[in-house]
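Report on the following structure.
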Amino acid sequence: MQQNKAEHTTITYRDIKNLNKEQFIAALKEAPWDSAFIFDDPDDVVDAWYVIFQGLVDRFLPLKHKRVKRKSQPKWFNNNISSTDLRSAINFSLKPTKAVPTTTGLITGERKIT
């Protein structure tokens, strides 16, 4: 029996697709930030601030788990590439080329200069 080369793994990410920005900003404004500054030790202040902020992030940007074939994408696939860029590149590459009659036959993609 042959084993599957590319076994699936599970990645964990924040779901920002369904984020309601207005509600998230309102919750940030209403958060009890002053309660973080009651401590004398700066490390305790940062820890308290982080607990408040992380609670809001967990509430509005829940963790999602997704089963994928590759844990990481190829190096050329980065955040600078948008889905519209990919879609237009795919559409451009799939666009049929026109066949141009020449003396030797049909050559696709070339223009006859007269």
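Residues are referred to by chain and number: the chain letter is A, B, ... according to the order shown in the structure tokens, the number counts from 1 in that chain, and ligands are numbered separately from 1 in the order shown.
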List as a PDB file with all heavy atoms, in the first residue's frame the protein and nucleic acid residues near segment 28-35 of chain A, meaning an atom at most 8 Å away when only C-alpha atoms are counted, but skip any in the same chain fewer than 2 places from it.
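Final output, saved to part_8.pdb:
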ATOM      1  N   PHE A  24     -16.028  46.442  17.329  1.00  0.00           N
ATOM      2  CA  PHE A  24     -14.713  46.226  17.921  1.00  0.00           C
ATOM      3  C   PHE A  24     -14.131  47.547  18.441  1.00  0.00           C
ATOM      4  O   PHE A  24     -13.622  47.617  19.563  1.00  0.00           O
ATOM      5  CB  PHE A  24     -13.783  45.585  16.897  1.00  0.00           C
ATOM      6  CG  PHE A  24     -12.415  45.267  17.424  1.00  0.00           C
ATOM      7  CD1 PHE A  24     -12.249  44.417  18.498  1.00  0.00           C
ATOM      8  CD2 PHE A  24     -11.289  45.803  16.839  1.00  0.00           C
ATOM      9  CE1 PHE A  24     -10.986  44.110  18.992  1.00  0.00           C
ATOM     10  CE2 PHE A  24     -10.025  45.511  17.317  1.00  0.00           C
ATOM     11  CZ  PHE A  24      -9.875  44.656  18.400  1.00  0.00           C
ATOM     12  N   ILE A  25     -14.246  48.614  17.651  1.00  0.00           N
ATOM     13  CA  ILE A  25     -13.744  49.925  18.072  1.00  0.00           C
ATOM     14  C   ILE A  25     -14.525  50.435  19.279  1.00  0.00           C
ATOM     15  O   ILE A  25     -13.955  50.987  20.223  1.00  0.00           O
ATOM     16  CB  ILE A  25     -13.784  50.921  16.895  1.00  0.00           C
ATOM     17  CG1 ILE A  25     -12.748  50.519  15.849  1.00  0.00           C
ATOM     18  CG2 ILE A  25     -13.551  52.350  17.364  1.00  0.00           C
ATOM     19  CD1 ILE A  25     -12.839  51.273  14.545  1.00  0.00           C
ATOM     20  N   ALA A  26     -15.850  50.230  19.275  1.00  0.00           N
ATOM     21  CA  ALA A  26     -16.667  50.650  20.418  1.00  0.00           C
ATOM     22  C   ALA A  26     -16.262  49.891  21.683  1.00  0.00           C
ATOM     23  O   ALA A  26     -16.176  50.478  22.769  1.00  0.00           O
ATOM     24  CB  ALA A  26     -18.145  50.422  20.111  1.00  0.00           C
ATOM     25  N   PHE A  37      -3.680  50.493  35.159  1.00  0.00           N
ATOM     26  CA  PHE A  37      -2.685  51.435  35.688  1.00  0.00           C
ATOM     27  C   PHE A  37      -2.739  51.601  37.207  1.00  0.00           C
ATOM     28  O   PHE A  37      -2.173  52.544  37.746  1.00  0.00           O
ATOM     29  CB  PHE A  37      -2.845  52.791  34.992  1.00  0.00           C
ATOM     30  CG  PHE A  37      -2.568  52.702  33.516  1.00  0.00           C
ATOM     31  CD1 PHE A  37      -3.607  52.628  32.601  1.00  0.00           C
ATOM     32  CD2 PHE A  37      -1.268  52.671  33.043  1.00  0.00           C
ATOM     33  CE1 PHE A  37      -3.352  52.536  31.249  1.00  0.00           C
ATOM     34  CE2 PHE A  37      -1.006  52.577  31.693  1.00  0.00           C
ATOM     35  CZ  PHE A  37      -2.042  52.504  30.788  1.00  0.00           C
ATOM     36  N   ILE A  38      -3.380  50.687  37.896  1.00  0.00           N
ATOM     37  CA  ILE A  38      -3.418  50.769  39.361  1.00  0.00           C
ATOM     38  C   ILE A  38      -2.182  50.137  39.991  1.00  0.00           C
ATOM     39  O   ILE A  38      -1.953  50.283  41.183  1.00  0.00           O
ATOM     40  CB  ILE A  38      -4.700  50.113  39.926  1.00  0.00           C
ATOM     41  CG1 ILE A  38      -4.742  48.622  39.584  1.00  0.00           C
ATOM     42  CG2 ILE A  38      -5.938  50.839  39.441  1.00  0.00           C
ATOM     43  CD1 ILE A  38      -5.867  47.857  40.262  1.00  0.00           C
ATOM     44  N   ALA A  48      -1.712  43.495  32.856  1.00  0.00           N
ATOM     45  CA  ALA A  48      -3.138  43.820  33.001  1.00  0.00           C
ATOM     46  C   ALA A  48      -3.697  44.375  31.691  1.00  0.00           C
ATOM     47  O   ALA A  48      -4.815  44.015  31.284  1.00  0.00           O
ATOM     48  CB  ALA A  48      -3.343  44.816  34.137  1.00  0.00           C
ATOM     49  N   TRP A  49      -2.933  45.243  31.031  1.00  0.00           N
ATOM     50  CA  TRP A  49      -3.363  45.803  29.742  1.00  0.00           C
ATOM     51  C   TRP A  49      -3.531  44.686  28.722  1.00  0.00           C
ATOM     52  O   TRP A  49      -4.499  44.651  27.970  1.00  0.00           O
ATOM     53  CB  TRP A  49      -2.342  46.828  29.260  1.00  0.00           C
ATOM     54  CG  TRP A  49      -2.761  47.532  28.013  1.00  0.00           C
ATOM     55  CD1 TRP A  49      -3.442  48.692  27.918  1.00  0.00           C
ATOM     56  CD2 TRP A  49      -2.527  47.104  26.654  1.00  0.00           C
ATOM     57  NE1 TRP A  49      -3.652  49.021  26.605  1.00  0.00           N
ATOM     58  CE2 TRP A  49      -3.099  48.055  25.806  1.00  0.00           C
ATOM     59  CE3 TRP A  49      -1.892  45.994  26.093  1.00  0.00           C
ATOM     60  CZ2 TRP A  49      -3.060  47.941  24.427  1.00  0.00           C
ATOM     61  CZ3 TRP A  49      -1.864  45.888  24.705  1.00  0.00           C
ATOM     62  CH2 TRP A  49      -2.438  46.850  23.900  1.00  0.00           C
ATOM     63  N   ILE A  52      -6.729  42.640  29.223  1.00  0.00           N
ATOM     64  CA  ILE A  52      -7.913  43.368  28.725  1.00  0.00           C
ATOM     65  C   ILE A  52      -7.977  43.296  27.204  1.00  0.00           C
ATOM     66  O   ILE A  52      -9.011  42.959  26.616  1.00  0.00           O
ATOM     67  CB  ILE A  52      -7.901  44.834  29.199  1.00  0.00           C
ATOM     68  CG1 ILE A  52      -8.017  44.908  30.721  1.00  0.00           C
ATOM     69  CG2 ILE A  52      -9.023  45.634  28.534  1.00  0.00           C
ATOM     70  CD1 ILE A  52      -7.740  46.278  31.295  1.00  0.00           C
ATOM     71  N   PHE A  53      -6.854  43.607  26.559  1.00  0.00           N
ATOM     72  CA  PHE A  53      -6.827  43.625  25.098  1.00  0.00           C
ATOM     73  C   PHE A  53      -7.041  42.231  24.520  1.00  0.00           C
ATOM     74  O   PHE A  53      -7.802  42.048  23.572  1.00  0.00           O
ATOM     75  CB  PHE A  53      -5.497  44.207  24.603  1.00  0.00           C
ATOM     76  CG  PHE A  53      -5.414  44.316  23.118  1.00  0.00           C
ATOM     77  CD1 PHE A  53      -6.134  45.282  22.438  1.00  0.00           C
ATOM     78  CD2 PHE A  53      -4.628  43.444  22.397  1.00  0.00           C
ATOM     79  CE1 PHE A  53      -6.076  45.383  21.065  1.00  0.00           C
ATOM     80  CE2 PHE A  53      -4.558  43.538  21.013  1.00  0.00           C
ATOM     81  CZ  PHE A  53      -5.282  44.505  20.349  1.00  0.00           C
ATOM     82  N   LEU A  56     -10.640  41.182  24.462  1.00  0.00           N
ATOM     83  CA  LEU A  56     -11.407  41.767  23.351  1.00  0.00           C
ATOM     84  C   LEU A  56     -11.068  41.103  22.022  1.00  0.00           C
ATOM     85  O   LEU A  56     -11.948  40.866  21.190  1.00  0.00           O
ATOM     86  CB  LEU A  56     -11.146  43.269  23.273  1.00  0.00           C
ATOM     87  CG  LEU A  56     -11.714  44.088  24.426  1.00  0.00           C
ATOM     88  CD1 LEU A  56     -11.229  45.526  24.348  1.00  0.00           C
ATOM     89  CD2 LEU A  56     -13.221  44.026  24.415  1.00  0.00           C
TER      90      LEU A  56
END
Suppose you want the space between atom CA of Lys64 of chain A and atom CA of Ala36 of chain A; what is it in Å?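 Atom CA of Ala36 of chain A lies at a distance of 28.6 Å from atom CA of Lys64 of chain A.
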Residues at most 9 Å from His65 of chain A, counting only C-alpha atoms, excluding those fewer than 4 positions away in the same chain, as a PyMOL selection string? chain A and resi 10-14
By how many Å are atom CA of Leu19 of chain A and atom CA of Val68 of chain A apart?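 Value for the atom CA of Leu19 of chain A-atom CA of Val68 of chain A distance: 22.7 Å.
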If I take atom CA of Lys21 of chain A and atom CA of Asp44 of chain A, how far is one from the other in Å, to one decimal?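 Interatomic distance, atom CA of Lys21 of chain A to atom CA of Asp44 of chain A: 28.9 Å.
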Neighbours of Lys69 of chain A within 9 Å (only C-alpha atoms; same-chain residues fewer than 3 positions away dropped), as a ChimeraX atom specification? /A:6-10
